[in-house]
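Below is input39.cif, which holds mmCIF, C-alpha atoms and all ligand atoms; chains and numbers go by the auth columns.
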```
data_coords
loop_
_atom_site.group_PDB
_atom_site.id
_atom_site.type_symbol
_atom_site.label_atom_id
_atom_site.label_comp_id
_atom_site.label_asym_id
_atom_site.label_seq_id
_atom_site.Cartn_x
_atom_site.Cartn_y
_atom_site.Cartn_z
_atom_site.B_iso_or_equiv
_atom_site.auth_seq_id
_atom_site.auth_asym_id
ATOM 1 C CA MET A 1 -58.153 -6.169 45.413 0.00 1 A
ATOM 2 C CA ASN A 2 -56.004 -9.193 46.193 0.00 2 A
ATOM 3 C CA ILE A 3 -55.052 -7.776 49.575 0.00 3 A
ATOM 4 C CA HIS A 4 -58.710 -7.272 50.450 0.00 4 A
ATOM 5 C CA ASN A 5 -59.474 -10.858 49.686 0.00 5 A
ATOM 6 C CA TYR A 6 -56.657 -12.045 51.932 0.00 6 A
ATOM 7 C CA GLU A 7 -57.973 -9.805 54.706 0.00 7 A
ATOM 8 C CA LYS A 8 -61.431 -11.321 54.346 0.00 8 A
ATOM 9 C CA LEU A 9 -59.967 -14.799 54.473 0.00 9 A
ATOM 10 C CA TRP A 10 -58.053 -14.030 57.681 0.00 10 A
ATOM 11 C CA LEU A 11 -61.134 -12.406 59.208 0.00 11 A
ATOM 12 C CA ILE A 12 -63.159 -15.517 58.481 0.00 12 A
ATOM 13 C CA ALA A 13 -60.402 -17.751 59.826 0.00 13 A
ATOM 14 C CA ALA A 14 -60.235 -15.676 63.042 0.00 14 A
ATOM 15 C CA MET A 15 -64.023 -15.817 63.431 0.00 15 A
ATOM 16 C CA LEU A 16 -64.035 -19.605 62.976 0.00 16 A
ATOM 17 C CA LEU A 17 -61.296 -19.918 65.601 0.00 17 A
ATOM 18 C CA ILE A 18 -63.322 -17.840 68.094 0.00 18 A
ATOM 19 C CA ILE A 19 -66.469 -19.853 67.403 0.00 19 A
ATOM 20 C CA GLY A 20 -64.398 -23.000 67.846 0.00 20 A
ATOM 21 C CA PHE A 21 -63.186 -21.846 71.265 0.00 21 A
ATOM 22 C CA ILE A 22 -66.707 -20.966 72.387 0.00 22 A
ATOM 23 C CA VAL A 23 -68.031 -24.350 71.269 0.00 23 A
ATOM 24 C CA THR A 24 -65.174 -26.157 73.046 0.00 24 A
ATOM 25 C CA ILE A 25 -65.673 -24.247 76.299 0.00 25 A
ATOM 26 C CA THR A 26 -69.460 -24.708 76.217 0.00 26 A
ATOM 27 C CA TYR A 27 -69.091 -28.400 75.479 0.00 27 A
ATOM 28 C CA GLY A 28 -66.633 -28.772 78.350 0.00 28 A
ATOM 29 C CA SER A 29 -68.711 -26.875 80.905 0.00 29 A
ATOM 30 C CA VAL A 30 -71.918 -28.720 80.017 0.00 30 A
ATOM 31 C CA GLY A 31 -69.876 -31.817 80.740 0.00 31 A
ATOM 32 C CA LEU A 32 -70.975 -33.907 77.784 0.00 32 A
ATOM 33 C CA GLY A 33 -67.594 -35.555 77.596 0.00 33 A
ATOM 34 C CA ILE A 34 -67.012 -35.842 81.336 0.00 34 A
ATOM 35 C CA ALA A 35 -69.058 -38.352 83.298 0.00 35 A
ATOM 36 C CA MET A 36 -67.620 -39.059 86.747 0.00 36 A
ATOM 37 C CA ILE A 37 -70.843 -40.729 87.796 0.00 37 A
ATOM 38 C CA ASP A 38 -72.873 -42.730 85.332 0.00 38 A
ATOM 39 C CA ASP A 39 -76.086 -40.745 84.933 0.00 39 A
ATOM 40 C CA SER A 40 -77.868 -43.657 83.294 0.00 40 A
ATOM 41 C CA GLU A 41 -77.941 -45.477 86.624 0.00 41 A
ATOM 42 C CA GLU A 42 -81.128 -45.568 88.603 0.00 42 A
ATOM 43 C CA THR A 43 -81.370 -42.835 91.245 0.00 43 A
ATOM 44 C CA ILE A 44 -83.158 -43.392 94.526 0.00 44 A
ATOM 45 C CA ASP A 45 -84.559 -41.281 97.348 0.00 45 A
ATOM 46 C CA PRO A 46 -81.887 -41.257 100.098 0.00 46 A
ATOM 47 C CA ASN A 47 -84.525 -40.235 102.643 0.00 47 A
ATOM 48 C CA ALA A 48 -86.769 -43.201 101.978 0.00 48 A
ATOM 49 C CA LEU A 49 -84.379 -46.160 101.790 0.00 49 A
ATOM 50 C CA GLU A 50 -86.666 -48.307 103.945 0.00 50 A
ATOM 51 C CA ASP A 51 -89.298 -48.089 101.179 0.00 51 A
ATOM 52 C CA HIS A 52 -86.824 -49.100 98.453 0.00 52 A
ATOM 53 C CA GLU A 53 -87.165 -52.678 97.186 0.00 53 A
ATOM 54 C CA ARG A 54 -83.454 -53.351 97.744 0.00 54 A
ATOM 55 C CA PHE A 55 -82.515 -51.169 100.708 0.00 55 A
ATOM 56 C CA GLY A 56 -85.707 -51.872 102.586 0.00 56 A
ATOM 57 C CA ASP A 57 -84.299 -55.395 102.855 0.00 57 A
ATOM 58 C CA LEU A 58 -80.687 -55.051 104.012 0.00 58 A
ATOM 59 C CA GLY A 59 -78.303 -57.973 104.302 0.00 59 A
ATOM 60 C CA VAL A 60 -77.268 -61.137 102.458 0.00 60 A
ATOM 61 C CA HIS A 61 -79.647 -62.783 99.990 0.00 61 A
ATOM 62 C CA GLN A 62 -78.865 -65.927 97.996 0.00 62 A
ATOM 63 C CA THR A 63 -79.698 -65.403 94.326 0.00 63 A
ATOM 64 C CA GLY A 64 -78.307 -68.604 92.800 0.00 64 A
ATOM 65 C CA ASP A 65 -75.851 -71.452 93.207 0.00 65 A
ATOM 66 C CA GLY A 66 -72.965 -69.821 95.061 0.00 66 A
ATOM 67 C CA GLU A 67 -74.316 -66.375 94.186 0.00 67 A
ATOM 68 C CA TYR A 68 -75.318 -63.758 96.700 0.00 68 A
ATOM 69 C CA ASP A 69 -76.537 -60.172 96.752 0.00 69 A
ATOM 70 C CA VAL A 70 -75.727 -58.021 99.754 0.00 70 A
ATOM 71 C CA ASN A 71 -77.685 -54.805 100.326 0.00 71 A
ATOM 72 C CA ILE A 72 -75.725 -52.349 102.439 0.00 72 A
ATOM 73 C CA ARG A 73 -76.428 -48.930 103.903 0.00 73 A
ATOM 74 C CA ALA A 74 -73.296 -46.829 104.531 0.00 74 A
ATOM 75 C CA TYR A 75 -74.063 -44.011 106.950 0.00 75 A
ATOM 76 C CA GLN A 76 -72.300 -41.813 109.507 0.00 76 A
ATOM 77 C CA PHE A 77 -70.419 -43.861 110.804 0.00 77 A
ATOM 78 C CA ASN A 78 -71.257 -47.490 110.132 0.00 78 A
ATOM 79 C CA PHE A 79 -71.998 -50.067 107.496 0.00 79 A
ATOM 80 C CA GLU A 80 -75.287 -51.920 107.882 0.00 80 A
ATOM 81 C CA PRO A 81 -74.633 -54.783 107.709 0.00 81 A
ATOM 82 C CA GLY A 82 -70.873 -55.092 107.942 0.00 82 A
ATOM 83 C CA SER A 83 -69.968 -52.791 110.782 0.00 83 A
ATOM 84 C CA SER A 84 -67.274 -53.872 113.201 0.00 84 A
ATOM 85 C CA ALA A 85 -66.690 -50.567 114.909 0.00 85 A
ATOM 86 C CA LEU A 86 -68.208 -48.079 117.350 0.00 86 A
ATOM 87 C CA GLY A 87 -69.645 -50.802 119.556 0.00 87 A
ATOM 88 C CA VAL A 88 -71.428 -52.599 116.712 0.00 88 A
ATOM 89 C CA HIS A 89 -70.389 -56.032 115.450 0.00 89 A
ATOM 90 C CA ASP A 90 -72.549 -56.973 112.498 0.00 90 A
ATOM 91 C CA PRO A 91 -70.337 -58.815 109.978 0.00 91 A
ATOM 92 C CA ILE A 92 -71.386 -59.664 106.442 0.00 92 A
ATOM 93 C CA VAL A 93 -71.201 -63.471 106.381 0.00 93 A
ATOM 94 C CA VAL A 94 -70.900 -65.356 103.077 0.00 94 A
ATOM 95 C CA PRO A 95 -69.633 -68.878 102.278 0.00 95 A
ATOM 96 C CA GLU A 96 -66.319 -69.486 100.505 0.00 96 A
ATOM 97 C CA ASN A 97 -66.283 -70.026 96.731 0.00 97 A
ATOM 98 C CA SER A 98 -69.103 -67.566 96.280 0.00 98 A
ATOM 99 C CA GLU A 99 -69.708 -64.701 93.904 0.00 99 A
ATOM 100 C CA VAL A 100 -71.008 -61.787 95.900 0.00 100 A
ATOM 101 C CA THR A 101 -72.566 -58.656 94.440 0.00 101 A
ATOM 102 C CA LEU A 102 -72.511 -55.744 96.853 0.00 102 A
ATOM 103 C CA TYR A 103 -75.086 -52.959 96.501 0.00 103 A
ATOM 104 C CA VAL A 104 -74.256 -49.922 98.618 0.00 104 A
ATOM 105 C CA THR A 105 -75.993 -46.599 99.116 0.00 105 A
ATOM 106 C CA SER A 106 -75.929 -43.757 101.625 0.00 106 A
ATOM 107 C CA PRO A 107 -78.744 -41.833 103.336 0.00 107 A
ATOM 108 C CA ASP A 108 -76.542 -38.921 104.440 0.00 108 A
ATOM 109 C CA VAL A 109 -73.154 -37.935 102.950 0.00 109 A
ATOM 110 C CA ILE A 110 -70.590 -39.371 100.546 0.00 110 A
ATOM 111 C CA HIS A 111 -68.748 -42.411 101.902 0.00 111 A
ATOM 112 C CA SER A 112 -66.715 -45.113 100.263 0.00 112 A
ATOM 113 C CA PHE A 113 -66.825 -48.874 100.440 0.00 113 A
ATOM 114 C CA SER A 114 -63.478 -50.585 100.090 0.00 114 A
ATOM 115 C CA VAL A 115 -62.863 -54.273 100.647 0.00 115 A
ATOM 116 C CA VAL A 116 -59.259 -54.460 101.851 0.00 116 A
ATOM 117 C CA GLY A 117 -57.132 -56.854 99.817 0.00 117 A
ATOM 118 C CA THR A 118 -59.460 -56.864 96.801 0.00 118 A
ATOM 119 C CA ASN A 119 -59.963 -54.363 94.005 0.00 119 A
ATOM 120 C CA ALA A 120 -63.491 -53.602 95.258 0.00 120 A
ATOM 121 C CA ASN A 121 -63.368 -49.902 96.081 0.00 121 A
ATOM 122 C CA THR A 122 -66.143 -47.486 95.246 0.00 122 A
ATOM 123 C CA MET A 123 -67.576 -44.154 96.248 0.00 123 A
ATOM 124 C CA VAL A 124 -70.987 -44.294 97.904 0.00 124 A
ATOM 125 C CA VAL A 125 -73.135 -41.312 96.951 0.00 125 A
ATOM 126 C CA PRO A 126 -76.550 -40.439 98.457 0.00 126 A
ATOM 127 C CA GLY A 127 -79.247 -41.121 95.868 0.00 127 A
ATOM 128 C CA GLU A 128 -77.124 -43.572 93.894 0.00 128 A
ATOM 129 C CA ILE A 129 -76.439 -47.284 94.067 0.00 129 A
ATOM 130 C CA SER A 130 -72.833 -48.487 93.920 0.00 130 A
ATOM 131 C CA VAL A 131 -72.510 -52.033 92.638 0.00 131 A
ATOM 132 C CA MET A 132 -69.483 -54.323 92.693 0.00 132 A
ATOM 133 C CA THR A 133 -69.038 -58.062 92.365 0.00 133 A
ATOM 134 C CA VAL A 134 -66.341 -59.897 94.310 0.00 134 A
ATOM 135 C CA GLU A 135 -65.393 -63.588 94.217 0.00 135 A
ATOM 136 C CA PHE A 136 -64.534 -64.931 97.657 0.00 136 A
ATOM 137 C CA ASN A 137 -62.676 -68.214 97.217 0.00 137 A
ATOM 138 C CA GLU A 138 -60.876 -68.341 100.540 0.00 138 A
ATOM 139 C CA ALA A 139 -62.351 -68.707 104.022 0.00 139 A
ATOM 140 C CA ARG A 140 -60.982 -65.674 105.867 0.00 140 A
ATOM 141 C CA GLU A 141 -61.910 -62.230 107.062 0.00 141 A
ATOM 142 C CA TYR A 142 -61.827 -59.138 104.898 0.00 142 A
ATOM 143 C CA GLY A 143 -61.846 -55.649 106.298 0.00 143 A
ATOM 144 C CA ILE A 144 -64.156 -52.937 104.964 0.00 144 A
ATOM 145 C CA LEU A 145 -63.050 -49.329 105.091 0.00 145 A
ATOM 146 C CA CYS A 146 -64.550 -45.939 104.325 0.00 146 A
ATOM 147 C CA ASN A 147 -61.898 -44.038 102.359 0.00 147 A
ATOM 148 C CA GLU A 148 -63.915 -40.867 101.890 0.00 148 A
ATOM 149 C CA TYR A 149 -63.804 -38.254 104.660 0.00 149 A
ATOM 150 C CA CYS A 150 -67.383 -38.166 105.964 0.00 150 A
ATOM 151 C CA GLY A 151 -67.237 -36.401 109.320 0.00 151 A
ATOM 152 C CA SER A 152 -65.924 -36.715 112.874 0.00 152 A
ATOM 153 C CA GLY A 153 -66.336 -40.496 113.030 0.00 153 A
ATOM 154 C CA HIS A 154 -64.818 -41.214 109.622 0.00 154 A
ATOM 155 C CA HIS A 155 -61.697 -42.886 111.003 0.00 155 A
ATOM 156 C CA GLY A 156 -63.797 -45.367 112.955 0.00 156 A
ATOM 157 C CA MET A 157 -66.007 -46.302 110.021 0.00 157 A
ATOM 158 C CA GLU A 158 -64.909 -49.900 109.526 0.00 158 A
ATOM 159 C CA GLY A 159 -66.482 -53.223 108.825 0.00 159 A
ATOM 160 C CA VAL A 160 -65.817 -56.864 108.192 0.00 160 A
ATOM 161 C CA ILE A 161 -66.792 -59.563 105.727 0.00 161 A
ATOM 162 C CA GLU A 162 -66.484 -63.097 107.110 0.00 162 A
ATOM 163 C CA VAL A 163 -66.003 -65.735 104.434 0.00 163 A
ATOM 164 C CA VAL A 164 -66.803 -69.022 106.125 0.00 164 A
ATOM 165 C CA PRO A 165 -66.047 -72.625 105.045 0.00 165 A
HETATM 166 CU CU1 LIG B . -67.804 -42.834 105.902 0.00 201 A
HETATM 167 CU CU2 LIG B . -65.645 -41.907 105.901 0.00 201 A
#
```
Rewrite the structure from the file as structure tokens, please.
Amino acid sequence: MNIHNYEKLWLIAAMLLIIGFIVTITYGSVGLGIAMIDDSEETIDPNALEDHERFGDLGVHQTGDGEYDVNIRAYQFNFEPGSSALGVHDPIVVPENSEVTLYVTSPDVIHSFSVVGTNANTMVVPGEISVMTVEFNEAREYGILCNEYCGSGHHGMEGVIEVVP
């Protein structure tokens, strides 16, 4: 009788363990605990950027005292504005001592937007808006690079931010 009870106990324990594994695996594969991209962010139509309130109006916009928004399209194989490669010279120009919020999206494939010499470095995903704020306190040039392989012209996908006095 005692032995039977122990057997039942072990059976129940084994069942609970199996259920536990299934729950863990299901939880993991559904990805509830893993969010590489914040799903709460607004998504946009990458094929209709010109109709979007922000990306229909590319470039630098002053939003306050020393505060600027820059709306940027990263596409194969340029930044608009910002490009300094492939025969295009279209720098992003902002004054020194400014706080600049960069909004970047892509109409085609995944790129990245990295401001060399700062910690601004983000993936740019079609249908999503990448946002980063950088303080530019020094009048100088900053390079922009695409760090995400995006096709044959990837290595030439470069840009420049000119911080002017
Ligand atoms: Cu765009 Cu690499």
(request) List all protein, DNA and RNA residues that have any atom at most 9 Å from ligand LIG 201 (chain A), counting all atoms listed in the file, and write the list as a list in words. (result)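 Protein and nucleic-acid residues within 9 Å of ligand LIG 201 (chain A): Ala74, Tyr75, Gln76, Phe77, Asn78, Phe79, Val109, Ile110, His111, Ser112, Phe113, Val124, Leu145, Cys146, Asn147, Glu148, Tyr149, Cys150, Gly151, Ser152, Gly153, His154, His155, Gly156, Met157 and Glu158 of chain A.
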(request) Between CA of Glu99 in chain A and CA of Ile44 in chain A, measure the distance and give it in Å to one decimal. (result)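 Computing it gives 25.2 Å between the two atoms.
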(message) When you look at Asp65 in chain A with a cut-off of 12 Å (counting all atoms listed in the file), what residues show up, excluding the ones that are within fewer than 4 positions of it in the same chain? I need them as a ChimeraX atom specification.
(response) /A:61,69,95,97-100
(request) Measuring atom to atom with only C-alpha atoms, identify which of A:Phe21, A:Phe55, A:Tyr142, A:Tyr27 is nearest to Ile161 in chain A. (result)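 Looking only at the distances to Ile161 in chain A, the closest residue turns out to be A:Tyr142.
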(request) For Thr133 in chain A, work out the shell of residues within 8 Å, counting all atoms listed in the file and skipping chain neighbours fewer than 2 positions away, then give it as a count of residues only. (result) 7
Residues picked by the PyMOL selection byres (((chain A and resi 86-93) around 7) and not hetatm) here, as a PDB file with C-alpha atoms, in the frame of the given file?
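Everything below was put into out21.pdb:
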```
ATOM      1  CA  PRO A  81     -74.633 -54.783 107.709  1.00  0.00           C
ATOM      2  CA  GLY A  82     -70.873 -55.092 107.942  1.00  0.00           C
ATOM      3  CA  SER A  83     -69.968 -52.791 110.782  1.00  0.00           C
ATOM      4  CA  SER A  84     -67.274 -53.872 113.201  1.00  0.00           C
ATOM      5  CA  ALA A  85     -66.690 -50.567 114.909  1.00  0.00           C
ATOM      6  CA  VAL A  94     -70.900 -65.356 103.077  1.00  0.00           C
ATOM      7  CA  PRO A  95     -69.633 -68.878 102.278  1.00  0.00           C
ATOM      8  CA  GLY A 156     -63.797 -45.367 112.955  1.00  0.00           C
ATOM      9  CA  GLY A 159     -66.482 -53.223 108.825  1.00  0.00           C
ATOM     10  CA  VAL A 160     -65.817 -56.864 108.192  1.00  0.00           C
ATOM     11  CA  ILE A 161     -66.792 -59.563 105.727  1.00  0.00           C
ATOM     12  CA  GLU A 162     -66.484 -63.097 107.110  1.00  0.00           C
ATOM     13  CA  VAL A 163     -66.003 -65.735 104.434  1.00  0.00           C
TER      14      VAL A 163
END
```
(request) Would you list the residues near (-75.3, -52.6, 98.9), meaning any protein, DNA or RNA residue with an atom at most 6 Å from that point in file coordinates, counting all atoms listed in the file, as a VMD selection string? (result) chain A and resid 70 to 72 102 to 104
(request) Just the residues within 9 Å of Leu49 in chain A, please, counting all atoms listed in the file, with nothing from its chain fewer than 5 positions along; format it as a VMD selection string. (result) chain A and resid 44 54 to 56 73 105 to 107
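Straight-line separation from CA of Asp45 in chain A to CA of Pro126 in chain A: 8.1 Å.
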(message) One decimal, in Å: what's the spacing between CA of Met132 in chain A and CA of Tyr68 in chain A?
(response)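 CA of Met132 in chain A sits 11.8 Å away from CA of Tyr68 in chain A.
Proximity to Asn47 in chain A was assessed for A:Gly117, A:Gly59, A:Gly127, A:Gly20 counting all atoms listed in the file; the smallest distance is recorded for A:Gly127.
If you measure from each of A:Ala13, A:Val23, A:Ala139, A:Ile144 to Ser114 in chain A using all atoms listed in the file, the closest one turns out to be A:Ile144.
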(message) Could you check the closest approach to Asp57 in chain A for each of A:Glu96, A:Glu80, A:Glu42, A:Asp108 and tell me which residue wins, using all atoms listed in the file?
(response) A:Glu80
Starting from 8 Å padding per side, set up an axis-aligned box that covers all listed atoms of range 97-111 of chain A and hand over centre and edge lengths in Å, one decimal, as JSON.
```
{"center_x": -72.5, "center_y": -54.0, "center_z": 99.2, "size_x": 28.5, "size_y": 48.1, "size_z": 26.5}
```
